[in-house]
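Student: Here it is, the structure, as structure tokens.
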Amino acid sequence: EVQLVESGGGLVQPGRSLKLSCVASGFTFSNYGMNWIRQAPGKGLEWVAYISSGSSYIYYAETVKGRFTISRDNAKNTLYLQMTSLRSEDTALYYCARQNYAHVMDAWGQGASVTVSS
Amino acid sequence: DIQMTQSPASLSASLGETVTIQCQASEDIYSGLAWYQQKPGKSPQLLIYGASSLQDGVPSRFSGSGSGTQYSLKISSMQTEDEGVYFCQQGLKYPLTFGSGTKLEIK
């Protein structure tokens, strides 16, 4: 069974940093591109970042470019999102999601909640 | 960026009714379109990819169609478990973009 389990969320002050992790199991992690997608409370889905299977290709949404860094450790089956200079508008549930060949997300984690507030 | 315009924002349907949700892209996305269902408090689940391919395990009452800039999701016979929010997403270019969602409820 494919599983994605996020961790590392929490309450953080504006301007501070936080690092999310997503541990994958049930599939060959190193074969898949991965994404972070977020959902602000009561809002829709916003794609945040993508990393290819071997980390050769990385893309970011303009809203987080320069502040967030996506990375992965295939030996540990783990995806990361380092978030710096956090703003109130970054408050959201952050999902990691596996990407299939059609550039769609065919497996999602349960989400990690990030609240940016003083 | 490719903008995805989804309609309607909400609708209610009776059990057994056929439901259609629309999604329009701001440019041709060459069938690079997916549909997701999100139930309250849960993660989104992939229903359709490539505009019309049914994801494994998804009931056959769900179907997708369209081409170019216009796409639709159809539920052929509304069931209680189909309540939730539905999102479209284009997979042609980064940044990947989603529609704003359609909230579907039982009438």
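Residues in the structure tokens are numbered from 1 in each chain, the chains being A, B, ... in the order shown, and ligands are numbered from 1 in the order shown.
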Using only C-alpha atoms, I'd like a table of the residues in chain B that come within 10 Å of chain A; for each, show the closest atom pair and its distance in Å rounded to one decimal, ordered by chain and ascending number, as CSV.
Tutor:
```
residue,atom,partner,partner_atom,distance
B:Ser31,CA,A:Ala102,CA,9.9
B:Gly32,CA,A:Ala102,CA,7.1
B:Leu33,CA,A:Val104,CA,8.1
B:Ala34,CA,A:Val104,CA,6.5
B:Trp35,CA,A:Val104,CA,9.1
B:Tyr36,CA,A:Met105,CA,9.0
B:Gly41,CA,A:Gln110,CA,9.2
B:Lys42,CA,A:Gln110,CA,7.0
B:Ser43,CA,A:Gln110,CA,5.7
B:Pro44,CA,A:Trp108,CA,7.0
B:Gln45,CA,A:Ala107,CA,7.2
B:Leu46,CA,A:Asp106,CA,5.6
B:Leu47,CA,A:Asp106,CA,8.8
B:Ile48,CA,A:Val104,CA,9.4
B:Tyr49,CA,A:Val104,CA,7.0
B:Gly50,CA,A:Ala102,CA,6.7
B:Gln55,CA,A:Asp106,CA,8.3
B:Asp56,CA,A:Asp106,CA,9.8
B:Val85,CA,A:Gly44,CA,9.3
B:Tyr86,CA,A:Gly44,CA,9.9
B:Phe87,CA,A:Leu45,CA,8.1
B:Cys88,CA,A:Leu45,CA,9.9
B:Gln89,CA,A:Val104,CA,7.7
B:Gln90,CA,A:Val104,CA,8.0
B:Gly91,CA,A:His103,CA,4.9
B:Leu92,CA,A:His103,CA,7.3
B:Lys93,CA,A:His103,CA,8.7
B:Tyr94,CA,A:Tyr59,CA,7.3
B:Pro95,CA,A:Ala61,CA,6.0
B:Leu96,CA,A:Trp47,CA,6.1
B:Thr97,CA,A:Trp47,CA,6.6
B:Phe98,CA,A:Leu45,CA,6.4
B:Gly99,CA,A:Gly44,CA,7.9
B:Ser100,CA,A:Gly44,CA,5.6
B:Gly101,CA,A:Gly44,CA,6.5
B:Thr102,CA,A:Gly44,CA,9.8
```
Student: Name the residues in contact with Gly10 of chain A at a cut-off of 7 Å, using only C-alpha atoms, excluding same-chain residues fewer than 5 positions from it; report them as a list in words.
Tutor: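 The residues satisfying every condition are Ser113, Val114 and Thr115 of chain A.
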Student: Find the residue from B:Leu104, B:Thr69, B:Ser53, B:Lys39 that sits nearest to Ile21 of chain B; use only C-alpha atoms when measuring.
Tutor: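 Nearest to Ile21 of chain B: B:Leu104.
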Student: Using DSSP on the backbone coordinates, identify the residues of chain B assigned to strand (DSSP E or B); present them as a VMD selection string.
Tutor: chain B and resid 4 to 7 10 to 13 19 to 25 33 to 38 45 to 49 53 to 54 62 to 67 70 to 75 84 to 90 97 to 98 102 to 106
Student: May I have the residues from that selection written out with C-alpha atoms, as an mmCIF file, in the first residue's frame?
Tutor:
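Written output follows (part.cif):
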```
data_model
loop_
_atom_site.group_PDB
_atom_site.id
_atom_site.type_symbol
_atom_site.label_atom_id
_atom_site.label_comp_id
_atom_site.auth_asym_id
_atom_site.auth_seq_id
_atom_site.Cartn_x
_atom_site.Cartn_y
_atom_site.Cartn_z
ATOM 1 C CA MET B 4 -8.151 27.071 -14.601
ATOM 2 C CA THR B 5 -11.737 28.300 -14.315
ATOM 3 C CA GLN B 6 -14.103 25.804 -12.734
ATOM 4 C CA SER B 7 -17.902 25.940 -12.629
ATOM 5 C CA SER B 10 -21.386 24.642 -5.806
ATOM 6 C CA LEU B 11 -24.322 22.448 -6.663
ATOM 7 C CA SER B 12 -26.706 20.035 -5.067
ATOM 8 C CA ALA B 13 -27.981 16.882 -6.688
ATOM 9 C CA VAL B 19 -23.945 15.704 -12.370
ATOM 10 C CA THR B 20 -21.578 17.637 -14.625
ATOM 11 C CA ILE B 21 -18.752 19.942 -13.545
ATOM 12 C CA GLN B 22 -16.903 22.130 -16.017
ATOM 13 C CA CYS B 23 -13.304 23.303 -16.174
ATOM 14 C CA GLN B 24 -11.877 25.786 -18.659
ATOM 15 C CA ALA B 25 -8.174 26.372 -19.209
ATOM 16 C CA LEU B 33 -6.249 17.533 -17.192
ATOM 17 C CA ALA B 34 -6.958 15.736 -13.949
ATOM 18 C CA TRP B 35 -9.914 15.657 -11.582
ATOM 19 C CA TYR B 36 -9.693 15.140 -7.821
ATOM 20 C CA GLN B 37 -12.296 14.547 -5.130
ATOM 21 C CA GLN B 38 -11.770 15.833 -1.613
ATOM 22 C CA GLN B 45 -7.990 11.652 -4.294
ATOM 23 C CA LEU B 46 -7.267 11.320 -8.005
ATOM 24 C CA LEU B 47 -10.320 10.385 -10.075
ATOM 25 C CA ILE B 48 -9.424 11.099 -13.693
ATOM 26 C CA TYR B 49 -6.166 11.862 -15.519
ATOM 27 C CA SER B 53 -8.635 8.002 -18.040
ATOM 28 C CA LEU B 54 -10.190 6.558 -14.908
ATOM 29 C CA PHE B 62 -17.212 8.896 -12.929
ATOM 30 C CA SER B 63 -16.091 9.944 -16.379
ATOM 31 C CA GLY B 64 -14.115 12.770 -17.903
ATOM 32 C CA SER B 65 -14.172 14.337 -21.321
ATOM 33 C CA GLY B 66 -13.006 17.347 -23.243
ATOM 34 C CA SER B 67 -10.167 18.710 -25.303
ATOM 35 C CA GLN B 70 -12.807 22.833 -22.260
ATOM 36 C CA TYR B 71 -13.178 19.827 -19.976
ATOM 37 C CA SER B 72 -15.885 18.235 -17.891
ATOM 38 C CA LEU B 73 -16.361 15.666 -15.161
ATOM 39 C CA LYS B 74 -19.586 13.657 -15.139
ATOM 40 C CA ILE B 75 -21.053 11.575 -12.353
ATOM 41 C CA GLY B 84 -17.317 16.550 -1.432
ATOM 42 C CA VAL B 85 -15.286 19.149 -3.286
ATOM 43 C CA TYR B 86 -14.008 18.481 -6.787
ATOM 44 C CA PHE B 87 -10.934 20.140 -8.271
ATOM 45 C CA CYS B 88 -9.525 20.141 -11.771
ATOM 46 C CA GLN B 89 -5.772 20.507 -12.389
ATOM 47 C CA GLN B 90 -3.697 21.099 -15.490
ATOM 48 C CA THR B 97 -2.531 24.976 -11.418
ATOM 49 C CA PHE B 98 -5.863 23.957 -9.952
ATOM 50 C CA THR B 102 -16.869 22.699 -6.918
ATOM 51 C CA LYS B 103 -18.701 21.772 -3.742
ATOM 52 C CA LEU B 104 -21.141 18.954 -4.428
ATOM 53 C CA GLU B 105 -23.885 18.139 -1.963
ATOM 54 C CA ILE B 106 -26.868 15.824 -1.820
#
```
